>>> print(open('input_21.csv').read())   # CSV, C-alpha atoms
chain,number,residue,atom,x,y,z
P,7,MET,CA,44.9,48.5,-54.6
P,8,HIS,CA,45.1,47.9,-50.9
P,9,GLU,CA,41.6,49.3,-50.6
P,10,LEU,CA,40.3,45.8,-51.5
P,11,SER,CA,42.1,44.4,-48.4
P,12,ILE,CA,40.7,47.3,-46.3
P,13,ALA,CA,37.2,46.6,-47.6
P,14,GLN,CA,37.6,43.0,-46.4
P,15,HIS,CA,38.6,44.3,-43.0
P,16,ILE,CA,35.4,46.5,-43.0
P,17,VAL,CA,33.2,43.5,-43.8
P,18,GLU,CA,34.9,41.5,-41.0
P,19,LEU,CA,34.3,44.3,-38.5
P,20,VAL,CA,30.6,44.4,-39.5
P,21,ARG,CA,30.4,40.6,-39.0
P,22,GLN,CA,31.8,41.1,-35.5
P,23,HIS,CA,29.2,43.8,-34.6
P,24,VAL,CA,26.0,42.8,-36.4
P,25,ASN,CA,23.8,39.8,-35.8
P,26,PRO,CA,23.9,37.6,-39.0
P,27,ALA,CA,20.0,38.0,-39.2
P,28,ASP,CA,20.4,41.8,-39.3
P,29,ALA,CA,23.1,41.8,-42.0
P,30,LYS,CA,20.7,42.5,-44.8
P,31,ASN,CA,19.3,45.5,-42.9
P,32,VAL,CA,22.6,47.3,-42.6
P,33,ALA,CA,21.8,50.6,-44.3
P,34,ALA,CA,25.2,52.4,-43.8
P,35,ILE,CA,28.7,51.9,-42.4
P,36,ARG,CA,30.3,55.1,-41.2
P,37,LEU,CA,34.0,55.6,-41.5
P,38,LYS,CA,36.6,58.3,-40.8
P,39,VAL,CA,39.4,58.5,-43.3
P,40,GLY,CA,42.2,60.9,-42.7
P,41,ALA,CA,43.8,63.0,-45.5
P,42,VAL,CA,47.1,61.2,-45.1
P,43,ALA,CA,45.8,57.7,-44.4
P,44,GLY,CA,46.8,56.7,-47.8
P,45,VAL,CA,43.3,55.4,-48.7
P,46,ALA,CA,41.4,56.6,-51.7
P,47,ALA,CA,37.7,56.9,-50.8
P,48,ASP,CA,36.5,56.1,-54.3
P,49,SER,CA,38.5,53.0,-54.5
P,50,LEU,CA,37.4,51.9,-51.1
P,51,GLU,CA,33.7,52.3,-52.1
P,52,PHE,CA,34.3,50.5,-55.3
P,53,SER,CA,36.1,47.6,-53.6
P,54,PHE,CA,33.4,47.4,-50.9
P,55,HIS,CA,30.6,47.2,-53.4
P,56,ALA,CA,32.5,44.7,-55.5
P,57,ILE,CA,33.1,42.2,-52.6
P,58,THR,CA,29.6,42.6,-51.1
P,59,ALA,CA,27.6,42.4,-54.4
P,60,ASP,CA,26.3,38.9,-53.7
P,61,THR,CA,26.0,39.2,-49.9
P,62,PRO,CA,23.5,40.6,-47.5
P,63,LEU,CA,25.5,43.9,-47.5
P,64,LYS,CA,24.9,44.5,-51.2
P,65,ASN,CA,22.6,47.5,-50.5
P,66,THR,CA,24.8,49.0,-47.7
P,67,ARG,CA,26.2,52.5,-48.1
P,68,LEU,CA,29.7,53.5,-47.1
P,69,GLU,CA,29.6,56.9,-45.5
P,70,ILE,CA,33.1,58.3,-45.5
P,71,GLU,CA,33.9,61.3,-43.4
P,72,HIS,CA,37.1,63.0,-44.6
P,73,ILE,CA,39.4,64.1,-41.7
P,74,PRO,CA,41.8,66.9,-42.6
P,75,PHE,CA,45.5,66.8,-41.7
P,76,ARG,CA,45.8,69.1,-38.8
P,77,ILE,CA,49.0,70.2,-37.0
P,78,GLU,CA,49.6,72.4,-33.9
P,79,CYS,CA,52.8,74.4,-34.0
P,80,LEU,CA,54.8,73.9,-30.8
P,81,LYS,CA,56.6,77.2,-31.4
P,82,CYS,CA,53.7,79.7,-32.0
P,83,GLY,CA,50.8,77.5,-31.0
P,84,VAL,CA,48.8,78.1,-34.2
P,85,VAL,CA,46.7,75.1,-35.4
P,86,SER,CA,46.6,74.8,-39.2
P,87,GLU,CA,45.3,72.3,-41.8
P,88,ASN,CA,46.5,71.1,-45.1
P,89,GLU,CA,45.8,68.2,-47.4
P,90,THR,CA,49.4,67.5,-48.2
P,91,GLY,CA,50.7,66.0,-44.9
P,92,ILE,CA,53.4,68.6,-44.6
P,93,VAL,CA,54.5,69.2,-41.0
P,94,VAL,CA,55.5,72.8,-41.3
P,95,CYS,CA,53.6,75.6,-39.5
P,96,ASP,CA,51.6,77.8,-41.9
P,97,THR,CA,52.1,80.9,-39.7
P,98,CYS,CA,55.8,80.8,-38.5
P,99,GLY,CA,57.3,78.1,-40.8
P,100,SER,CA,58.5,75.9,-37.9
P,101,PRO,CA,58.7,72.2,-38.5
P,102,ASP,CA,58.4,71.6,-34.8
P,103,ALA,CA,54.7,70.7,-34.8
P,104,LYS,CA,52.4,68.1,-33.3
P,105,VAL,CA,50.1,66.2,-35.6
P,106,LEU,CA,46.5,66.3,-34.3
P,107,SER,CA,44.6,64.4,-37.0
P,108,GLY,CA,44.7,63.1,-40.6
P,109,ALA,CA,45.9,59.5,-40.3
P,110,GLU,CA,42.5,58.0,-39.3
P,111,LEU,CA,41.1,54.9,-40.8
P,112,ASP,CA,38.3,54.1,-38.3
P,113,MET,CA,34.8,52.6,-38.3
P,114,THR,CA,32.6,54.8,-36.1
P,115,GLU,CA,29.1,53.5,-36.6
P,116,ILE,CA,26.8,51.0,-38.3
P,117,GLU,CA,23.3,52.0,-39.1
P,118,ILE,CA,20.7,49.3,-39.2
P,119,LEU,CA,17.2,49.6,-40.6
P,120,GLU,CA,14.8,47.8,-38.3
P,121,ALA,CA,11.8,48.8,-40.4
P,122,VAL,CA,12.4,45.9,-42.8
P,123,GLN,CA,12.1,43.4,-40.0
P,124,ALA,CA,9.1,45.2,-38.5
P,125,ALA,CA,7.2,45.2,-41.8
P,126,THR,CA,7.6,41.4,-42.4
V,245,MET,CA,16.6,52.6,-37.4
V,246,SER,CA,19.2,51.8,-34.8
V,247,ILE,CA,22.9,52.8,-34.6
V,248,ILE,CA,25.6,50.4,-33.4
V,249,THR,CA,28.6,52.4,-32.1
V,250,VAL,CA,31.8,50.7,-33.3
V,251,GLU,CA,34.7,53.2,-32.8
V,252,ARG,CA,37.4,50.8,-34.0
V,253,LYS,CA,40.3,51.0,-36.3
V,254,VAL,CA,39.5,49.3,-39.6
V,255,LEU,CA,42.9,47.5,-39.6
V,256,GLU,CA,42.6,46.6,-35.9
V,257,LYS,CA,42.9,42.9,-36.7
V,258,ASN,CA,46.2,43.5,-38.5
V,259,ASP,CA,47.4,45.8,-35.7
V,260,GLU,CA,46.6,43.1,-33.1
V,261,LEU,CA,48.6,40.5,-35.1
V,262,ALA,CA,51.5,43.0,-35.5
V,263,ALA,CA,51.5,43.5,-31.7
V,264,GLN,CA,51.7,39.7,-31.3
V,265,ASN,CA,54.6,39.6,-33.8
V,266,ARG,CA,56.4,42.4,-32.0
V,267,GLN,CA,56.0,40.6,-28.6
V,268,MET,CA,57.5,37.5,-30.1
V,269,PHE,CA,60.4,39.5,-31.6
V,270,GLU,CA,61.1,41.2,-28.3
V,271,LYS,CA,60.9,37.9,-26.3
V,272,HIS,CA,63.8,36.7,-28.5
V,273,HIS,CA,65.6,40.1,-28.6
V,274,VAL,CA,65.3,40.3,-32.4
V,275,PHE,CA,65.4,43.8,-33.9
V,276,VAL,CA,63.1,44.0,-37.0
V,277,LEU,CA,63.3,46.2,-40.1
V,278,ASN,CA,60.5,46.6,-42.6
V,279,MET,CA,62.0,47.9,-45.8
V,280,VAL,CA,59.7,49.7,-48.2
V,281,SER,CA,60.1,51.5,-51.5
V,282,SER,CA,58.8,51.7,-55.1
V,283,PRO,CA,59.9,48.8,-57.3
V,284,GLY,CA,63.6,49.1,-58.4
V,285,ALA,CA,64.7,51.7,-55.8
V,286,GLY,CA,67.3,49.2,-54.6
V,287,LYS,CA,66.0,47.5,-51.5
V,288,THR,CA,67.5,44.1,-52.4
V,289,SER,CA,70.8,45.7,-53.3
V,290,ILE,CA,71.0,47.6,-50.0
V,291,LEU,CA,70.0,44.3,-48.3
V,292,GLU,CA,72.9,42.5,-50.0
V,293,ARG,CA,75.5,45.1,-49.1
V,294,THR,CA,74.1,45.2,-45.5
V,295,LEU,CA,74.4,41.4,-45.2
V,296,GLU,CA,78.0,41.6,-46.3
V,297,GLU,CA,78.7,44.3,-43.7
V,298,LEU,CA,76.9,42.5,-40.9
V,299,LYS,CA,78.5,39.1,-41.5
V,300,GLY,CA,80.3,38.0,-38.4
V,301,PHE,CA,78.8,40.8,-36.3
V,302,ILE,CA,75.0,40.3,-36.2
V,303,GLN,CA,73.1,37.1,-36.9
V,304,THR,CA,70.5,38.1,-39.5
V,305,ALA,CA,67.5,36.5,-41.2
V,306,VAL,CA,65.5,37.8,-44.1
V,307,ILE,CA,61.8,37.7,-45.2
V,308,GLU,CA,61.3,38.5,-48.8
V,309,GLY,CA,58.0,39.8,-50.0
V,310,ASP,CA,57.2,39.7,-53.7
V,311,VAL,CA,54.2,39.6,-55.9
V,312,GLN,CA,55.8,36.8,-57.9
V,313,THR,CA,59.0,34.7,-58.1
V,314,ASP,CA,61.7,33.8,-55.5
V,315,ILE,CA,64.4,35.8,-57.4
V,316,ASP,CA,65.1,38.0,-54.4
V,317,ALA,CA,65.3,35.0,-52.0
V,318,GLN,CA,67.8,33.4,-54.3
V,319,ARG,CA,69.9,36.6,-54.4
V,320,VAL,CA,69.9,36.8,-50.6
V,321,ALA,CA,70.5,33.1,-49.9
V,322,LYS,CA,74.0,33.6,-51.4
V,323,TYR,CA,74.9,35.5,-48.3
V,324,ASP,CA,74.4,32.4,-46.2
V,325,VAL,CA,71.5,33.7,-44.1
V,326,PRO,CA,68.1,32.1,-43.4
V,327,VAL,CA,65.6,33.5,-45.9
V,328,VAL,CA,61.9,32.9,-46.3
V,329,GLN,CA,60.2,34.0,-49.5
V,330,ILE,CA,56.5,35.2,-49.3
V,331,VAL,CA,54.9,35.3,-52.7
V,332,THR,CA,51.7,37.4,-52.5
V,333,ASN,CA,50.3,36.3,-55.8
V,334,GLY,CA,49.1,39.7,-56.8
V,335,GLY,CA,48.8,41.1,-53.3
V,336,CYS,CA,50.3,44.6,-53.1
V,337,HIS,CA,51.7,44.5,-49.6
V,338,LEU,CA,52.7,42.2,-46.8
V,339,ASP,CA,50.5,42.1,-43.7
V,340,ALA,CA,51.1,41.0,-40.1
V,341,LYS,CA,49.5,37.5,-40.7
V,342,LEU,CA,51.9,36.7,-43.6
V,343,VAL,CA,54.9,37.7,-41.5
V,344,TRP,CA,53.5,35.6,-38.5
V,345,ASP,CA,53.2,32.6,-40.8
V,346,ALA,CA,56.7,33.1,-42.3
V,347,MET,CA,58.2,33.4,-38.8
V,348,ARG,CA,57.5,29.7,-38.2
V,349,ASN,CA,60.3,28.9,-40.6
V,350,ILE,CA,62.8,31.1,-38.8
V,351,ASP,CA,64.7,30.2,-35.6
V,352,LEU,CA,64.3,33.5,-33.7
V,353,GLN,CA,66.6,32.2,-31.0
V,354,ALA,CA,69.5,32.1,-33.5
V,355,ILE,CA,69.2,35.6,-34.8
V,356,GLN,CA,69.5,39.2,-33.6
V,357,LEU,CA,68.1,41.0,-36.6
V,358,LEU,CA,65.3,40.2,-39.0
V,359,ILE,CA,65.0,42.3,-42.2
V,360,ILE,CA,61.6,42.1,-44.0
V,361,GLU,CA,61.8,43.3,-47.6
V,362,ASN,CA,58.3,44.4,-48.4
V,363,VAL,CA,56.6,44.3,-51.8
V,364,GLY,CA,57.9,47.1,-54.0
V,365,ASN,CA,55.1,49.7,-53.7
V,366,LEU,CA,55.2,53.2,-52.3
V,367,VAL,CA,51.5,53.3,-51.4
V,368,CYS,CA,49.9,50.1,-49.9
V,369,PRO,CA,52.5,48.8,-47.4
V,370,ALA,CA,52.2,52.1,-45.5
V,371,ASN,CA,49.0,51.0,-43.8
V,372,TYR,CA,50.1,47.6,-42.6
V,373,ASP,CA,52.2,47.3,-39.4
V,374,LEU,CA,54.1,44.1,-39.5
V,375,GLY,CA,55.4,44.3,-35.9
V,376,GLU,CA,58.7,45.8,-37.0
V,377,HIS,CA,60.7,48.2,-34.8
V,378,CYS,CA,61.7,50.4,-37.7
V,379,LYS,CA,60.3,51.1,-41.1
V,380,VAL,CA,63.0,52.0,-43.6
V,381,VAL,CA,61.9,53.8,-46.8
V,382,VAL,CA,64.3,53.7,-49.7
V,383,ALA,CA,64.0,56.5,-52.2
V,384,SER,CA,66.4,56.4,-55.2
V,385,THR,CA,67.7,59.5,-57.0
V,386,THR,CA,66.3,58.2,-60.3
V,387,GLU,CA,62.8,58.5,-59.0
V,388,GLY,CA,63.2,62.3,-58.7
V,389,ASP,CA,63.1,64.5,-55.6
V,390,ASP,CA,59.4,65.0,-55.4
V,391,LYS,CA,58.4,61.5,-54.2
V,392,PRO,CA,58.0,62.3,-50.5
V,393,LEU,CA,55.4,64.9,-51.4
V,394,LYS,CA,53.6,62.6,-53.8
V,395,TYR,CA,53.6,59.6,-51.4
V,396,PRO,CA,53.4,61.2,-48.0
V,397,ALA,CA,51.9,58.2,-46.0
V,398,MET,CA,55.0,56.1,-46.6
V,399,PHE,CA,57.5,58.8,-45.6
V,400,ARG,CA,55.3,59.8,-42.6
V,401,ASN,CA,55.2,56.2,-41.2
V,402,ALA,CA,58.9,55.5,-41.7
V,403,SER,CA,61.7,56.3,-39.2
V,404,VAL,CA,64.6,56.0,-41.6
V,405,LEU,CA,65.1,57.2,-45.1
V,406,ILE,CA,67.8,55.8,-47.3
V,407,ILE,CA,68.5,57.8,-50.4
V,408,ASN,CA,70.0,55.3,-52.8
V,409,LYS,CA,71.8,55.6,-56.2
V,410,ILE,CA,73.6,58.8,-55.1
V,411,ASP,CA,76.4,58.0,-57.6
V,412,LEU,CA,74.0,58.8,-60.4
V,413,LEU,CA,73.3,62.3,-59.2
V,414,PRO,CA,75.6,64.0,-61.8
V,415,TYR,CA,73.5,62.5,-64.6
V,416,LEU,CA,70.0,63.3,-63.2
V,417,SER,CA,67.9,66.4,-62.5
V,418,CYS,CA,67.2,65.1,-59.1
V,419,ASN,CA,68.4,67.5,-56.4
V,420,LEU,CA,69.6,65.7,-53.3
V,421,ASN,CA,68.9,68.6,-50.9
V,422,THR,CA,65.4,69.1,-52.3
V,423,LEU,CA,64.7,65.4,-51.9
V,424,LYS,CA,65.9,65.5,-48.3
V,425,ALA,CA,64.0,68.7,-47.5
V,426,ASN,CA,60.8,67.3,-49.0
V,427,ALA,CA,61.1,64.2,-46.9
V,428,LEU,CA,61.7,66.2,-43.7
V,429,ARG,CA,58.7,68.4,-44.4
V,430,ILE,CA,56.6,65.3,-44.3
V,431,ASN,CA,58.4,63.7,-41.4
V,432,PRO,CA,60.9,65.9,-39.5
V,433,ALA,CA,62.0,63.0,-37.3
V,434,LEU,CA,63.4,60.9,-40.2
V,435,THR,CA,67.0,59.7,-39.9
V,436,VAL,CA,68.5,60.0,-43.3
V,437,PHE,CA,71.3,58.0,-45.0
V,438,GLU,CA,72.7,58.4,-48.5
V,439,THR,CA,74.0,55.3,-50.3
V,440,SER,CA,75.2,53.9,-53.5
V,441,CYS,CA,75.3,50.1,-53.7
V,442,THR,CA,77.4,50.0,-56.9
V,443,ALA,CA,79.9,52.6,-55.7
V,444,ASN,CA,79.8,51.2,-52.1
V,445,GLN,CA,79.1,54.7,-50.6
V,446,GLY,CA,77.3,55.3,-47.3
V,447,ILE,CA,76.7,51.6,-46.6
V,448,ALA,CA,79.1,51.5,-43.7
V,449,ALA,CA,77.4,54.5,-41.9
V,450,TRP,CA,74.0,52.8,-42.4
V,451,CYS,CA,75.3,49.5,-41.0
V,452,GLU,CA,76.9,51.1,-38.0
V,453,TRP,CA,73.6,52.7,-37.1
V,454,LEU,CA,71.8,49.3,-37.6
V,455,LYS,CA,74.4,47.4,-35.5
V,456,LYS,CA,73.9,49.8,-32.7
V,457,ARG,CA,70.1,49.6,-32.8
V,458,ALA,CA,70.1,45.8,-33.1
V,459,ARG,CA,72.4,45.5,-30.0
V,460,GLU,CA,70.3,47.9,-28.0
V,461,LEU,CA,67.3,45.5,-28.0
>>> encode(input="input_21.csv", output="structure tokens")
Amino acid sequence: MHELSIAQHIVELVRQHVNPADAKNVAAIRLKVGAVAGVAADSLEFSFHAITADTPLKNTRLEIEHIPFRIECLKCGVVSENETGIVVCDTCGSPDAKVLSGAELDMTEIEILEAVQAAT
Amino acid sequence: MSIITVERKVLEKNDELAAQNRQMFEKHHVFVLNMVSSPGAGKTSILERTLEELKGFIQTAVIEGDVQTDIDAQRVAKYDVPVVQIVTNGGCHLDAKLVWDAMRNIDLQAIQLLIIENVGNLVCPANYDLGEHCKVVVASTTEGDDKPLKYPAMFRNASVLIINKIDLLPYLSCNLNTLKANALRINPALTVFETSCTANQGIAAWCEWLKKRAREL
């Protein structure tokens, strides 16, 4: 259940980027999670909501973009995707391939609702 | 509504600490292994056989990571090497900060090799760089030959695979060639060793490789 520890890192990154006064207005946190990052999106969302339940981030959404595992064959040049993390070209069967994506675990953006502040 | 652009790795803090660990290891010319596997694959047994082989050749220290107890540290201490036990109290993996803290109890000047035995878990430790030079994944024949396909992140991030308990192959449905082929489909760059700790097979070859790598640093 390392998603709990990852959720703590997410909260820490938000703290670094968002003014404490704006924390309650954070509407969404956008993440990229690769197919072979070894992170279960459901568990990550569950963990995030569990640790933020009594904090200003309690209404914040986690928006997780799934990034496929993508390889480029160095023999025939074909780019292929799979969800299994297997480094074998779909077309020619060569294991000589470059991994292009799929291991990501990145925070890309934080969305803040300013309307709440404006209304008060 | 406003958008703050972040574009950062979620585990950036751990990666920074791991880089700090690595810098410290390199300053003292200490080669560092991070041993990972499922529980019971034989990490501690391989470690014990390795310490026997390296005695008199490479000064080694050990960091043991376990959810509970110092049983492994006690086993390793018999080999007369410095050993620090990290008890994670439920935590499913070691992280760079835990290793940094444990390092304070190890005299890096006095060693050439540090072996970190991670918590037995084929999932969680894959994400956490500890500052090691080499991640060693141990897969035992009793776990079956499909594990690299089921737990690809761990095999992807490792540079060495030790297939342990090969003496049991005659009694199991595990196919050694299939196990190897599956691992190489996930990570074609893996260096593979085959060992049995009870039958003392393959340990010498693994240790020769390790001695060479430790001396290169």
>>> residues_around(input="input_21.csv", residues="P:Leu37", least_positions_apart="3", cutoff="8 Å", atoms="only C-alpha atoms", output="compact mmCIF listing (two decimals) with C-alpha atoms, keeping the file's coordinate frame")
# COMPACT_ATOMS: atom_id res chain seq x y z
CA LEU P 68 29.70 53.50 -47.10
CA GLU P 69 29.60 56.90 -45.50
CA ILE P 70 33.10 58.30 -45.50
CA GLU P 71 33.90 61.30 -43.40
CA LEU P 111 41.10 54.90 -40.80
CA ASP P 112 38.30 54.10 -38.30
CA MET P 113 34.80 52.60 -38.30
CA THR P 114 32.60 54.80 -36.10
CA GLU P 115 29.10 53.50 -36.60
>>> residues_around(input="input_21.csv", residues="P:Ile35", least_positions_apart="3", cutoff="12 Å", atoms="all atoms listed in the file", output="number ranges by chain")
P: 13, 16-17, 19-21, 23-24, 29, 31-32, 38, 51, 54, 63, 65-71, 112-119; V: 247-251, 254
>>> interface_residues(input="input_21.csv", of="chain V", to="chain P", cutoff="12 Å", atoms="only C-alpha atoms", output="PDB file with C-alpha atoms, keeping the file's coordinate frame")
ATOM      1  CA  MET V 245      16.600  52.600 -37.400  1.00  0.00           C
ATOM      2  CA  SER V 246      19.200  51.800 -34.800  1.00  0.00           C
ATOM      3  CA  ILE V 247      22.900  52.800 -34.600  1.00  0.00           C
ATOM      4  CA  ILE V 248      25.600  50.400 -33.400  1.00  0.00           C
ATOM      5  CA  THR V 249      28.600  52.400 -32.100  1.00  0.00           C
ATOM      6  CA  VAL V 250      31.800  50.700 -33.300  1.00  0.00           C
ATOM      7  CA  GLU V 251      34.700  53.200 -32.800  1.00  0.00           C
ATOM      8  CA  ARG V 252      37.400  50.800 -34.000  1.00  0.00           C
ATOM      9  CA  LYS V 253      40.300  51.000 -36.300  1.00  0.00           C
ATOM     10  CA  VAL V 254      39.500  49.300 -39.600  1.00  0.00           C
ATOM     11  CA  LEU V 255      42.900  47.500 -39.600  1.00  0.00           C
ATOM     12  CA  GLU V 256      42.600  46.600 -35.900  1.00  0.00           C
ATOM     13  CA  LYS V 257      42.900  42.900 -36.700  1.00  0.00           C
ATOM     14  CA  ASN V 258      46.200  43.500 -38.500  1.00  0.00           C
ATOM     15  CA  ASP V 259      47.400  45.800 -35.700  1.00  0.00           C
ATOM     16  CA  GLY V 334      49.100  39.700 -56.800  1.00  0.00           C
ATOM     17  CA  GLY V 335      48.800  41.100 -53.300  1.00  0.00           C
ATOM     18  CA  CYS V 336      50.300  44.600 -53.100  1.00  0.00           C
ATOM     19  CA  HIS V 337      51.700  44.500 -49.600  1.00  0.00           C
ATOM     20  CA  LEU V 338      52.700  42.200 -46.800  1.00  0.00           C
ATOM     21  CA  ASP V 339      50.500  42.100 -43.700  1.00  0.00           C
ATOM     22  CA  ASN V 365      55.100  49.700 -53.700  1.00  0.00           C
ATOM     23  CA  LEU V 366      55.200  53.200 -52.300  1.00  0.00           C
ATOM     24  CA  VAL V 367      51.500  53.300 -51.400  1.00  0.00           C
ATOM     25  CA  CYS V 368      49.900  50.100 -49.900  1.00  0.00           C
ATOM     26  CA  PRO V 369      52.500  48.800 -47.400  1.00  0.00           C
ATOM     27  CA  ALA V 370      52.200  52.100 -45.500  1.00  0.00           C
ATOM     28  CA  ASN V 371      49.000  51.000 -43.800  1.00  0.00           C
ATOM     29  CA  TYR V 372      50.100  47.600 -42.600  1.00  0.00           C
ATOM     30  CA  PRO V 392      58.000  62.300 -50.500  1.00  0.00           C
ATOM     31  CA  LEU V 393      55.400  64.900 -51.400  1.00  0.00           C
ATOM     32  CA  LYS V 394      53.600  62.600 -53.800  1.00  0.00           C
ATOM     33  CA  TYR V 395      53.600  59.600 -51.400  1.00  0.00           C
ATOM     34  CA  PRO V 396      53.400  61.200 -48.000  1.00  0.00           C
ATOM     35  CA  ALA V 397      51.900  58.200 -46.000  1.00  0.00           C
ATOM     36  CA  MET V 398      55.000  56.100 -46.600  1.00  0.00           C
ATOM     37  CA  PHE V 399      57.500  58.800 -45.600  1.00  0.00           C
ATOM     38  CA  ARG V 400      55.300  59.800 -42.600  1.00  0.00           C
ATOM     39  CA  ASN V 401      55.200  56.200 -41.200  1.00  0.00           C
ATOM     40  CA  ALA V 425      64.000  68.700 -47.500  1.00  0.00           C
ATOM     41  CA  ASN V 426      60.800  67.300 -49.000  1.00  0.00           C
ATOM     42  CA  ALA V 427      61.100  64.200 -46.900  1.00  0.00           C
ATOM     43  CA  LEU V 428      61.700  66.200 -43.700  1.00  0.00           C
ATOM     44  CA  ARG V 429      58.700  68.400 -44.400  1.00  0.00           C
ATOM     45  CA  ILE V 430      56.600  65.300 -44.300  1.00  0.00           C
ATOM     46  CA  ASN V 431      58.400  63.700 -41.400  1.00  0.00           C
ATOM     47  CA  PRO V 432      60.900  65.900 -39.500  1.00  0.00           C
ATOM     48  CA  ALA V 433      62.000  63.000 -37.300  1.00  0.00           C
TER      49      ALA V 433
END
>>> atom_distance(input="input_21.csv", atom1="atom CA of V:Leu423", atom2="atom CA of V:Phe437")
12.1 Å
>>> atom_distance(input="input_21.csv", atom1="atom CA of V:Asn265", atom2="atom CA of V:Ile360")
12.6 Å
>>> decode(input="input_21.csv", residues="stretch 316-322 of chain V", atoms="all heavy atoms", output="short mmCIF file (atom, residue, chain, number, x, y, z; two decimals), in the first residue's frame")
data_model
loop_
_atom_site.label_atom_id
_atom_site.label_comp_id
_atom_site.auth_asym_id
_atom_site.auth_seq_id
_atom_site.Cartn_x
_atom_site.Cartn_y
_atom_site.Cartn_z
N ASP V 316 16.49 -10.62 11.13
CA ASP V 316 17.46 -10.64 10.03
C ASP V 316 18.79 -10.01 10.46
O ASP V 316 19.86 -10.49 10.10
CB ASP V 316 16.90 -9.92 8.79
CG ASP V 316 15.93 -10.82 8.03
OD1 ASP V 316 15.74 -11.98 8.45
OD2 ASP V 316 15.37 -10.35 7.02
N ALA V 317 18.71 -8.91 11.22
CA ALA V 317 19.94 -8.26 11.69
C ALA V 317 20.74 -9.23 12.56
O ALA V 317 21.96 -9.29 12.48
CB ALA V 317 19.61 -6.98 12.45
N GLN V 318 20.03 -10.01 13.38
CA GLN V 318 20.71 -10.99 14.23
C GLN V 318 21.39 -12.07 13.38
O GLN V 318 22.51 -12.49 13.67
CB GLN V 318 19.71 -11.66 15.18
CG GLN V 318 19.22 -10.72 16.28
CD GLN V 318 18.24 -11.44 17.20
OE1 GLN V 318 18.40 -12.61 17.51
NE2 GLN V 318 17.21 -10.73 17.63
N ARG V 319 20.70 -12.50 12.32
CA ARG V 319 21.30 -13.51 11.43
C ARG V 319 22.58 -12.97 10.80
O ARG V 319 23.60 -13.65 10.73
CB ARG V 319 20.30 -13.87 10.31
CG ARG V 319 19.30 -14.94 10.72
CD ARG V 319 18.25 -15.14 9.65
NE ARG V 319 18.74 -15.77 8.42
CZ ARG V 319 17.95 -16.07 7.38
NH1 ARG V 319 16.67 -15.78 7.43
NH2 ARG V 319 18.45 -16.64 6.30
N VAL V 320 22.50 -11.72 10.32
CA VAL V 320 23.62 -11.13 9.59
C VAL V 320 24.79 -10.80 10.52
O VAL V 320 25.96 -10.92 10.13
CB VAL V 320 23.12 -9.88 8.83
CG1 VAL V 320 24.26 -9.04 8.32
CG2 VAL V 320 22.20 -10.30 7.69
N ALA V 321 24.47 -10.41 11.75
CA ALA V 321 25.52 -10.00 12.71
C ALA V 321 26.50 -11.14 12.99
O ALA V 321 27.66 -10.91 13.32
CB ALA V 321 24.87 -9.52 14.01
N LYS V 322 26.06 -12.39 12.79
CA LYS V 322 26.93 -13.55 13.01
C LYS V 322 28.13 -13.55 12.06
O LYS V 322 29.11 -14.24 12.28
CB LYS V 322 26.14 -14.85 12.81
CG LYS V 322 25.16 -15.11 13.94
CD LYS V 322 24.36 -16.38 13.68
CE LYS V 322 23.27 -16.52 14.71
NZ LYS V 322 22.14 -17.30 14.23
#
